[in-house]
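Chemist: Quick one, work.cif (mmCIF, C-alpha atoms):
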data_data
#
loop_
_atom_site.label_atom_id
_atom_site.label_comp_id
_atom_site.auth_asym_id
_atom_site.auth_seq_id
_atom_site.Cartn_x
_atom_site.Cartn_y
_atom_site.Cartn_z
CA MET A 1 28.54 -18.64 -3.48
CA THR A 2 28.73 -14.88 -3.43
CA ALA A 3 29.86 -12.73 -0.50
CA GLU A 4 26.26 -11.57 0.00
CA GLN A 5 25.07 -15.15 0.48
CA ILE A 6 27.85 -15.92 2.96
CA ILE A 7 27.02 -12.80 4.98
CA PHE A 8 23.31 -13.76 4.96
CA LEU A 9 24.03 -17.33 6.14
CA ILE A 10 26.24 -16.15 9.02
CA VAL A 11 23.77 -13.42 10.10
CA GLY A 12 20.80 -15.77 9.80
CA ALA A 13 22.47 -18.48 11.88
CA VAL A 14 23.47 -15.98 14.59
CA THR A 15 19.95 -14.49 14.62
CA LEU A 16 18.23 -17.86 15.01
CA LEU A 17 20.71 -18.99 17.67
CA ALA A 18 20.24 -15.76 19.65
CA GLY A 19 16.46 -16.18 19.29
CA LEU A 20 16.70 -19.70 20.73
CA MET A 21 18.72 -18.34 23.66
CA VAL A 22 16.01 -15.67 24.27
CA VAL A 23 13.34 -18.32 24.81
CA THR A 24 15.42 -20.85 26.76
CA VAL A 25 17.88 -19.00 29.00
CA ARG A 26 16.77 -18.77 32.63
CA ASN A 27 18.17 -15.37 33.67
CA LEU A 28 15.79 -12.76 32.25
CA VAL A 29 18.42 -10.01 31.98
CA HIS A 30 20.46 -12.40 29.82
CA ALA A 31 17.33 -13.15 27.76
CA ALA A 32 16.84 -9.40 27.15
CA LEU A 33 20.50 -9.07 26.08
CA TRP A 34 20.10 -12.03 23.70
CA LEU A 35 17.06 -10.21 22.32
CA VAL A 36 19.36 -7.25 21.56
CA ALA A 37 21.62 -9.64 19.59
CA THR A 38 18.62 -10.98 17.66
CA LEU A 39 17.42 -7.45 16.86
CA PHE A 40 20.89 -6.51 15.58
CA GLY A 41 20.83 -9.57 13.30
CA VAL A 42 17.42 -8.56 11.94
CA ALA A 43 18.75 -5.02 11.33
CA ILE A 44 21.59 -6.49 9.23
CA VAL A 45 18.99 -8.52 7.28
CA TYR A 46 17.14 -5.26 6.54
CA ALA A 47 20.41 -3.71 5.32
CA LEU A 48 20.96 -6.73 3.03
CA LEU A 49 17.48 -6.07 1.61
CA ASN A 50 18.45 -2.45 0.67
CA ALA A 51 16.13 -1.04 3.35
CA GLY A 52 18.66 1.25 5.07
CA PHE A 53 16.09 3.47 6.79
CA ILE A 54 14.27 0.48 8.30
CA ALA A 55 17.60 -0.90 9.56
CA VAL A 56 18.39 2.39 11.34
CA VAL A 57 14.87 2.62 12.79
CA GLN A 58 15.25 -0.98 14.01
CA VAL A 59 18.44 -0.09 15.90
CA VAL A 60 17.06 3.18 17.33
CA VAL A 61 13.50 2.09 18.25
CA TYR A 62 13.84 -1.62 18.96
CA ILE A 63 17.27 -1.76 20.56
CA GLY A 64 17.35 1.78 21.93
CA ALA A 65 13.85 1.86 23.37
CA ILE A 66 12.07 -1.51 23.50
CA ALA A 67 14.98 -3.70 24.65
CA ILE A 68 15.97 -1.14 27.31
CA LEU A 69 12.33 -1.01 28.47
CA PHE A 70 12.43 -4.82 28.85
CA ILE A 71 15.59 -4.62 30.97
CA PHE A 72 13.94 -1.98 33.19
CA ALA A 73 10.83 -4.16 33.59
CA VAL A 74 12.95 -7.20 34.52
CA MET A 75 14.79 -5.19 37.16
CA LEU A 76 11.54 -3.72 38.57
CA THR A 77 9.79 -7.10 38.89
CA ARG A 78 12.65 -9.12 40.29
CA ARG A 79 12.13 -11.29 43.35
CA GLN A 80 14.64 -13.31 45.31
CA ALA A 81 13.14 -16.56 44.00
CA ALA A 82 12.59 -15.28 40.45
CA ASP A 83 15.63 -16.96 38.94
CA THR A 84 15.47 -20.26 40.84
CA GLY A 85 12.31 -21.85 39.41
CA PRO A 86 12.28 -23.59 36.03
CA ALA A 87 12.34 -21.29 32.99
CA LEU A 88 9.69 -23.31 31.12
CA ASN A 89 6.28 -24.51 32.26
CA LYS A 90 5.41 -28.19 32.52
CA ASN A 91 3.64 -28.23 29.12
CA TRP A 92 6.71 -26.95 27.28
CA TRP A 93 6.80 -30.04 25.05
CA GLY A 94 3.36 -29.08 23.71
CA GLY A 95 4.67 -25.64 22.84
CA ALA A 96 7.75 -27.15 21.17
CA LEU A 97 5.51 -29.51 19.16
CA MET A 98 3.26 -26.60 18.13
CA SER A 99 6.19 -24.44 16.98
CA VAL A 100 7.85 -27.29 15.04
CA LEU A 101 4.51 -28.05 13.36
CA THR A 102 4.07 -24.34 12.55
CA PHE A 103 7.52 -24.19 10.96
CA ALA A 104 6.89 -27.39 8.98
CA GLY A 105 3.52 -26.13 7.81
CA LEU A 106 4.95 -22.77 6.74
CA ALA A 107 7.86 -24.44 4.90
CA TYR A 108 5.48 -26.84 3.12
CA LEU A 109 3.15 -23.99 2.17
CA LEU A 110 6.04 -21.88 0.87
CA GLN A 111 7.83 -24.52 -1.19
CA GLY A 112 4.63 -25.15 -3.16
CA TRP A 113 4.40 -21.45 -4.09
CA SER A 114 5.60 -20.51 -7.59
CA GLY A 115 7.46 -17.34 -6.53
CA PHE A 116 9.44 -19.11 -3.80
CA SER A 117 12.93 -18.97 -5.38
CA LYS A 118 12.40 -15.59 -7.05
CA GLN A 119 15.44 -13.34 -7.56
CA ALA A 120 15.38 -9.62 -6.76
CA ALA A 121 15.16 -7.18 -9.64
CA ALA A 122 17.85 -4.49 -9.68
CA ILE A 123 16.81 -1.23 -8.00
CA PRO A 124 16.30 1.41 -10.75
CA SER A 125 19.09 3.98 -10.86
CA GLY A 126 18.21 7.30 -9.23
CA PHE A 127 15.57 5.65 -7.00
CA ASP A 128 15.73 7.18 -3.51
CA ALA A 129 13.86 4.92 -1.12
CA VAL A 130 13.99 7.32 1.86
CA SER A 131 12.50 10.34 0.04
CA GLN A 132 9.92 8.06 -1.59
CA LEU A 133 8.99 6.72 1.85
CA GLY A 134 8.61 10.26 3.18
CA ASN A 135 6.40 11.18 0.22
CA VAL A 136 4.01 8.25 0.59
CA LEU A 137 3.79 8.69 4.39
CA THR A 138 2.60 12.31 4.06
CA SER A 139 0.57 12.35 0.83
CA PRO A 140 -3.22 11.93 0.92
CA GLN A 141 -2.93 9.50 -2.01
CA GLY A 142 -0.52 7.43 0.08
CA TYR A 143 -0.58 6.43 3.73
CA VAL A 144 -1.21 9.66 5.65
CA LEU A 145 -4.31 8.28 7.41
CA PRO A 146 -2.62 5.13 8.83
CA PHE A 147 0.31 7.35 9.83
CA GLU A 148 -1.96 9.66 11.83
CA VAL A 149 -3.88 6.74 13.35
CA ALA A 150 -0.55 5.27 14.49
CA SER A 151 0.28 8.52 16.28
CA VAL A 152 -3.11 8.47 18.04
CA LEU A 153 -2.41 4.84 19.05
CA LEU A 154 0.97 5.86 20.52
CA LEU A 155 -0.71 8.67 22.51
CA ALA A 156 -3.34 6.25 23.83
CA ALA A 157 -0.62 3.74 24.78
CA LEU A 158 1.33 6.49 26.56
CA VAL A 159 -1.69 7.55 28.64
CA GLY A 160 -2.66 3.92 29.32
CA ALA A 161 0.84 2.91 30.43
CA VAL A 162 1.12 5.89 32.78
CA TYR A 163 -2.32 5.11 34.26
CA LEU A 164 -1.58 1.40 34.73
CA ALA A 165 1.86 1.79 36.27
CA PHE A 166 0.92 4.80 38.45
CA ASN A 167 1.23 4.02 42.16
CA LYS A 168 -2.00 5.23 43.76
CA LYS A 169 -0.76 5.01 47.36
CA MET B 1 22.16 -12.98 -5.29
CA ILE B 2 19.98 -14.31 -2.48
CA PRO B 3 16.67 -15.93 -3.50
CA LEU B 4 13.48 -14.85 -1.70
CA SER B 5 13.15 -18.32 -0.15
CA TRP B 6 16.08 -17.77 2.23
CA TYR B 7 14.45 -14.72 3.82
CA LEU B 8 11.08 -16.49 4.09
CA ILE B 9 12.63 -19.54 5.78
CA LEU B 10 14.58 -17.32 8.20
CA ALA B 11 11.37 -15.44 9.07
CA ALA B 12 9.44 -18.71 9.52
CA GLY B 13 12.15 -20.03 11.86
CA LEU B 14 12.22 -16.85 13.93
CA PHE B 15 8.39 -16.87 14.14
CA SER B 16 8.38 -20.49 15.35
CA ILE B 17 11.01 -19.72 18.00
CA GLY B 18 8.92 -16.78 19.21
CA LEU B 19 5.81 -18.97 19.29
CA PHE B 20 7.66 -21.50 21.44
CA GLY B 21 8.67 -18.70 23.81
CA VAL B 22 5.08 -17.49 24.13
CA LEU B 23 3.72 -21.00 24.78
CA ALA B 24 6.43 -22.37 27.05
CA ARG B 25 7.89 -19.58 29.23
CA ARG B 26 6.59 -19.10 32.77
CA ASN B 27 7.57 -15.46 33.30
CA ALA B 28 5.20 -12.85 31.85
CA VAL B 29 8.09 -10.62 30.72
CA ALA B 30 9.63 -13.58 28.85
CA ILE B 31 6.28 -14.16 27.10
CA LEU B 32 6.42 -10.56 25.85
CA LEU B 33 9.99 -11.23 24.61
CA GLY B 34 8.57 -14.09 22.51
CA VAL B 35 5.93 -11.75 21.06
CA GLU B 36 8.73 -9.36 20.03
CA LEU B 37 10.51 -12.18 18.16
CA MET B 38 7.30 -12.98 16.28
CA LEU B 39 6.79 -9.32 15.30
CA ASN B 40 10.37 -9.17 14.00
CA ALA B 41 9.78 -12.24 11.84
CA ILE B 42 6.71 -10.53 10.33
CA ASN B 43 8.81 -7.43 9.61
CA ILE B 44 11.44 -9.49 7.77
CA ASN B 45 8.66 -10.90 5.58
CA LEU B 46 7.22 -7.43 4.84
CA VAL B 47 10.58 -5.91 3.87
CA ALA B 48 11.53 -8.99 1.79
CA PHE B 49 8.28 -8.83 -0.17
CA TRP B 50 8.84 -5.08 -0.73
CA ARG B 51 12.33 -5.74 -2.14
CA TYR B 52 11.29 -8.69 -4.33
CA GLY B 53 8.05 -7.12 -5.53
CA GLU B 54 7.37 -3.66 -6.92
CA VAL B 55 10.05 -1.47 -5.29
CA SER B 56 8.49 1.93 -6.11
CA THR B 57 5.20 1.34 -4.21
CA MET B 58 6.87 1.34 -0.75
CA ALA B 59 3.90 -0.48 0.81
CA GLY B 60 6.10 -3.03 2.61
CA GLN B 61 8.25 -0.38 4.27
CA VAL B 62 5.19 1.64 5.36
CA PHE B 63 3.65 -1.49 6.88
CA THR B 64 6.92 -2.19 8.71
CA ILE B 65 6.91 1.30 10.24
CA ILE B 66 3.30 0.87 11.37
CA VAL B 67 4.29 -2.47 12.96
CA PHE B 68 7.14 -0.68 14.78
CA ALA B 69 4.65 1.82 16.25
CA VAL B 70 2.22 -0.94 17.27
CA ALA B 71 5.05 -2.97 18.84
CA ALA B 72 6.21 0.04 20.87
CA ALA B 73 2.64 0.65 22.09
CA GLU B 74 2.19 -3.05 22.90
CA VAL B 75 5.40 -3.23 24.93
CA ALA B 76 4.63 -0.04 26.87
CA VAL B 77 1.13 -1.20 27.89
CA GLY B 78 2.20 -4.83 28.42
CA LEU B 79 5.10 -3.99 30.71
CA ALA B 80 2.93 -1.49 32.63
CA LEU B 81 0.42 -4.32 33.16
CA VAL B 82 3.19 -6.65 34.36
CA ILE B 83 4.48 -4.04 36.82
CA SER B 84 0.94 -3.37 38.06
CA VAL B 85 0.32 -7.11 38.55
CA TYR B 86 3.66 -7.46 40.36
CA ARG B 87 2.65 -4.71 42.81
CA ARG B 88 -0.66 -6.37 43.67
CA ARG B 89 0.21 -10.11 43.59
CA ASN B 90 4.00 -9.98 44.12
CA THR B 91 4.60 -12.40 41.25
CA VAL B 92 5.05 -12.26 37.47
CA VAL B 93 4.80 -16.02 36.84
CA ALA B 94 1.85 -16.54 34.48
CA GLU B 95 0.72 -19.80 36.16
CA GLU B 96 0.30 -18.12 39.55
CA LEU B 97 -2.04 -15.43 38.16
CA ASP B 98 -5.14 -17.65 38.47
CA LEU B 99 -7.65 -15.25 40.03
CA LEU B 100 -10.25 -16.06 37.34
CA LYS B 101 -9.79 -19.85 37.64
CA TRP B 102 -11.82 -22.06 39.99
#
Could you take the file, read its structure, and then write that structure out as structure tokens?
Modeler:
Amino acid sequence: MTAEQIIFLIVGAVTLLAGLMVVTVRNLVHAALWLVATLFGVAIVYALLNAGFIAVVQVVVYIGAIAILFIFAVMLTRRQAADTGPALNKNWWGGALMSVLTFAGLAYLLQGWSGFSKQAAAIPSGFDAVSQLGNVLTSPQGYVLPFEVASVLLLAALVGAVYLAFNKK
Amino acid sequence: MIPLSWYLILAAGLFSIGLFGVLARRNAVAILLGVELMLNAININLVAFWRYGEVSTMAGQVFTIIVFAVAAAEVAVGLALVISVYRRRNTVVAEELDLLKW
């Protein structure tokens, strides 16, 4: 077993454990902090996949913005009785059955696929993923249209969120 | 080296955990946390297929960045909805928001 595999196993186990804590822990602030741990684990997985830029964006956008937004929302919607009721609804066993079946179905589907245990080819020398990503995001032959549509979507979400959360009184 | 299967199984596990969170949690904010876990599992799949496929096309990384933007938009609007609902009904438990049920 190589060092890379050992690092992956540790990070994967921590990520899945933190994910389980996110969906089961009762205190929502703790759930948001467990989400931060999960997001850090996913960022390390990106780094193991040689996607350094995506790993940094994960830390900055997901942990720096989205997780903090969740913590703000939990604090703004807290009630005295919020943490006393059960964390899961009374049909939680149905949800557990559905998710176990989903995982089993995905695993069955994947193990029958011929490329399942594929190994990664070496990255060609002199290949700069970040400058290549910048090129395809801004070239008309690449992905400039989805990039611009995403910025319009963010503007619409900004206006919509301000309108929804605005206190009219 | 790590085979592709390890990443795919990790992503499938994370997706299933997020699905459980969406189906079983009572609090609306916790349901959104489950959606975030599912989106992260999708992103692991996209980056893994970029790395194990044709590296120079960058399609997987571009898709991941688009998913980041959509997730940020989804969380902003979703949490604004939750705060708006909390102001009107004084609750964020999904079962108690039954105005359309009779």
Chemist: Under the rule of at most 6 Å, produce a per-residue listing of chain A near chain B: chain, number, name, the closest pair of atoms, and the distance in Å, as a tab-separated table, using all atoms listed in the file.
Modeler:
residue	atom	partner	partner_atom	distance
A:Gln5	CA	B:Ile2	CA	5.9
A:Val23	CA	B:Gly21	CA	4.8
A:Leu88	CA	B:Arg25	CA	4.6
A:Asn89	CA	B:Arg26	CA	5.4
A:Trp92	CA	B:Ala24	CA	4.6
A:Gly95	CA	B:Leu23	CA	5.1
A:Ala96	CA	B:Phe20	CA	5.7
A:Ser99	CA	B:Ser16	CA	4.8
A:Phe103	CA	B:Ser16	CA	5.8
A:Phe116	CA	B:Ser5	CA	5.3
A:Ser117	CA	B:Pro3	CA	5.2
A:Lys118	CA	B:Leu4	CA	5.5
A:Gln119	CA	B:Pro3	CA	5.0
A:Ala120	CA	B:Tyr52	CA	4.8
A:Leu154	CA	B:Ala73	CA	5.7
A:Ala157	CA	B:Ala73	CA	5.2
A:Ala161	CA	B:Val77	CA	4.8
A:Leu164	CA	B:Ala80	CA	5.8
A:Ala165	CA	B:Ala80	CA	5.0
Chemist: Run through the PyMOL selection byres ((chain A and resi 35-37) around 12) on the given coordinates and return the selected residues as a ChimeraX atom specification.
Modeler: /A:11-25,28-34,38-44,58-71 /B:14,18,30,32-38,40
Chemist: Report the distance between CA of Tyr163 (chain A) and CA of Phe147 (chain A) in Å, rounded to one decimal place.
Modeler: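 Atom-to-atom, CA of Tyr163 (chain A) and CA of Phe147 (chain A) are spaced 24.7 Å apart.
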Chemist: Taking into account only C-alpha atoms, which residue in the set A:Ala122, A:Leu133, A:Val149, A:Val162 is nearest to Ile54 (chain A)?
Modeler: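 Nearest candidate to Ile54 (chain A) out of A:Ala122, A:Leu133, A:Val149, A:Val162: A:Leu133.
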Chemist: In Å, rounded to a single decimal, give me how far CA of Gly126 (chain A) is from CA of Leu49 (chain A).
Modeler: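 So the two atoms, CA of Leu49 (chain A) and CA of Gly126 (chain A), lie 17.2 Å apart.
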Chemist: How many Å separate CA of Gly52 (chain A) from CA of Val130 (chain A)?
Modeler: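 Going from CA of Gly52 (chain A) over to CA of Val130 (chain A), I get 8.3 Å.
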Chemist: Write a file for region 83-98 of chain B, containing all heavy atoms (output as a CSV table (one decimal), in the first residue's frame).
Modeler:
chain,number,residue,atom,x,y,z
B,83,ILE,N,-35.6,31.8,6.3
B,83,ILE,CA,-35.7,33.0,7.2
B,83,ILE,C,-37.1,33.6,7.0
B,83,ILE,O,-37.8,34.0,8.0
B,83,ILE,CB,-34.6,33.9,7.0
B,83,ILE,CG1,-33.3,33.3,7.5
B,83,ILE,CG2,-34.8,35.2,7.7
B,83,ILE,CD1,-32.1,34.0,7.2
B,84,SER,N,-37.6,33.7,5.8
B,84,SER,CA,-38.9,34.3,5.5
B,84,SER,C,-40.0,33.5,6.2
B,84,SER,O,-40.9,34.1,6.8
B,84,SER,CB,-39.0,34.5,4.0
B,84,SER,OG,-40.3,35.0,3.7
B,85,VAL,N,-39.9,32.2,6.0
B,85,VAL,CA,-40.9,31.3,6.6
B,85,VAL,C,-40.9,31.4,8.1
B,85,VAL,O,-41.9,31.5,8.8
B,85,VAL,CB,-40.6,29.8,6.2
B,85,VAL,CG1,-41.4,28.9,7.1
B,85,VAL,CG2,-41.1,29.6,4.7
B,86,TYR,N,-39.7,31.5,8.7
B,86,TYR,CA,-39.5,31.6,10.2
B,86,TYR,C,-40.2,32.9,10.7
B,86,TYR,O,-40.9,32.9,11.7
B,86,TYR,CB,-38.1,31.6,10.5
B,86,TYR,CG,-37.8,31.7,12.0
B,86,TYR,CD1,-38.1,30.7,12.9
B,86,TYR,CD2,-37.4,32.9,12.6
B,86,TYR,CE1,-37.9,30.8,14.2
B,86,TYR,CE2,-37.2,33.1,13.9
B,86,TYR,CZ,-37.4,32.0,14.7
B,86,TYR,OH,-37.3,32.1,16.1
B,87,ARG,N,-40.1,34.0,9.9
B,87,ARG,CA,-40.7,35.2,10.3
B,87,ARG,C,-42.2,35.1,10.3
B,87,ARG,O,-42.9,35.6,11.2
B,87,ARG,CB,-40.3,36.3,9.4
B,87,ARG,CG,-39.1,37.0,9.8
B,87,ARG,CD,-39.1,38.4,9.2
B,87,ARG,NE,-37.7,38.8,9.2
B,87,ARG,CZ,-37.0,39.0,8.1
B,87,ARG,NH1,-37.6,38.9,7.0
B,87,ARG,NH2,-35.7,39.3,8.2
B,88,ARG,N,-42.8,34.4,9.3
B,88,ARG,CA,-44.3,34.4,9.2
B,88,ARG,C,-44.9,33.3,10.1
B,88,ARG,O,-45.9,33.5,10.7
B,88,ARG,CB,-44.7,34.1,7.8
B,88,ARG,CG,-44.6,35.3,7.0
B,88,ARG,CD,-44.4,35.0,5.5
B,88,ARG,NE,-43.8,36.1,4.8
B,88,ARG,CZ,-44.5,37.0,4.1
B,88,ARG,NH1,-45.8,36.8,4.0
B,88,ARG,NH2,-43.9,38.0,3.5
B,89,ARG,N,-44.3,32.1,10.2
B,89,ARG,CA,-44.9,31.0,10.9
B,89,ARG,C,-44.2,30.7,12.2
B,89,ARG,O,-44.7,29.8,13.0
B,89,ARG,CB,-44.8,29.7,10.0
B,89,ARG,CG,-45.4,29.9,8.7
B,89,ARG,CD,-46.9,30.0,8.7
B,89,ARG,NE,-47.6,29.0,9.5
B,89,ARG,CZ,-48.0,27.9,8.9
B,89,ARG,NH1,-47.9,27.7,7.6
B,89,ARG,NH2,-48.6,27.0,9.7
B,90,ASN,N,-43.0,31.3,12.5
B,90,ASN,CA,-42.3,31.1,13.7
B,90,ASN,C,-41.8,29.6,13.9
B,90,ASN,O,-41.8,29.1,15.0
B,90,ASN,CB,-43.1,31.5,15.0
B,90,ASN,CG,-42.2,31.9,16.1
B,90,ASN,OD1,-41.1,32.3,15.9
B,90,ASN,ND2,-42.7,31.8,17.3
B,91,THR,N,-41.6,28.9,12.8
B,91,THR,CA,-41.1,27.6,12.9
B,91,THR,C,-40.2,27.3,11.7
B,91,THR,O,-40.5,27.9,10.6
B,91,THR,CB,-42.2,26.5,13.1
B,91,THR,OG1,-41.6,25.2,13.1
B,91,THR,CG2,-43.1,26.6,11.9
B,92,VAL,N,-39.3,26.4,11.8
B,92,VAL,CA,-38.5,25.9,10.6
B,92,VAL,C,-38.6,24.4,10.4
B,92,VAL,O,-37.9,23.8,9.6
B,92,VAL,CB,-37.0,26.4,10.6
B,92,VAL,CG1,-36.9,27.8,10.3
B,92,VAL,CG2,-36.4,26.0,11.9
B,93,VAL,N,-39.5,23.8,11.2
B,93,VAL,CA,-39.7,22.3,11.1
B,93,VAL,C,-40.5,22.0,9.9
B,93,VAL,O,-41.6,22.6,9.8
B,93,VAL,CB,-40.3,21.8,12.4
B,93,VAL,CG1,-40.6,20.3,12.3
B,93,VAL,CG2,-39.4,22.0,13.6
B,94,ALA,N,-40.0,21.2,9.0
B,94,ALA,CA,-40.7,21.0,7.7
B,94,ALA,C,-42.1,20.4,7.9
B,94,ALA,O,-43.0,20.7,7.1
B,94,ALA,CB,-39.9,20.1,6.8
B,95,GLU,N,-42.3,19.6,9.0
B,95,GLU,CA,-43.6,18.9,9.1
B,95,GLU,C,-44.7,19.9,9.5
B,95,GLU,O,-45.9,19.7,9.3
B,95,GLU,CB,-43.6,17.9,10.2
B,95,GLU,CG,-42.8,16.7,9.9
B,95,GLU,CD,-42.4,15.9,11.1
B,95,GLU,OE1,-42.5,16.3,12.2
B,95,GLU,OE2,-41.8,14.8,10.9
B,96,GLU,N,-44.3,21.0,10.2
B,96,GLU,CA,-45.3,22.0,10.7
B,96,GLU,C,-45.7,23.0,9.6
B,96,GLU,O,-46.6,23.8,9.8
B,96,GLU,CB,-44.7,22.7,11.9
B,96,GLU,CG,-44.6,21.8,13.1
B,96,GLU,CD,-43.8,22.5,14.2
B,96,GLU,OE1,-43.7,23.7,14.2
B,96,GLU,OE2,-43.4,21.8,15.1
B,97,LEU,N,-45.0,23.0,8.4
B,97,LEU,CA,-45.3,23.9,7.3
B,97,LEU,C,-46.3,23.2,6.4
B,97,LEU,O,-46.0,22.7,5.4
B,97,LEU,CB,-44.1,24.3,6.6
B,97,LEU,CG,-43.0,24.9,7.5
B,97,LEU,CD1,-41.7,25.0,6.7
B,97,LEU,CD2,-43.4,26.2,8.1
B,98,ASP,N,-47.6,23.1,6.9
B,98,ASP,CA,-48.6,22.3,6.2
B,98,ASP,C,-49.8,23.1,5.7
B,98,ASP,O,-50.9,22.7,5.7
B,98,ASP,CB,-49.1,21.1,7.1
B,98,ASP,CG,-49.5,21.6,8.4
B,98,ASP,OD1,-49.5,22.8,8.6
B,98,ASP,OD2,-49.9,20.8,9.3
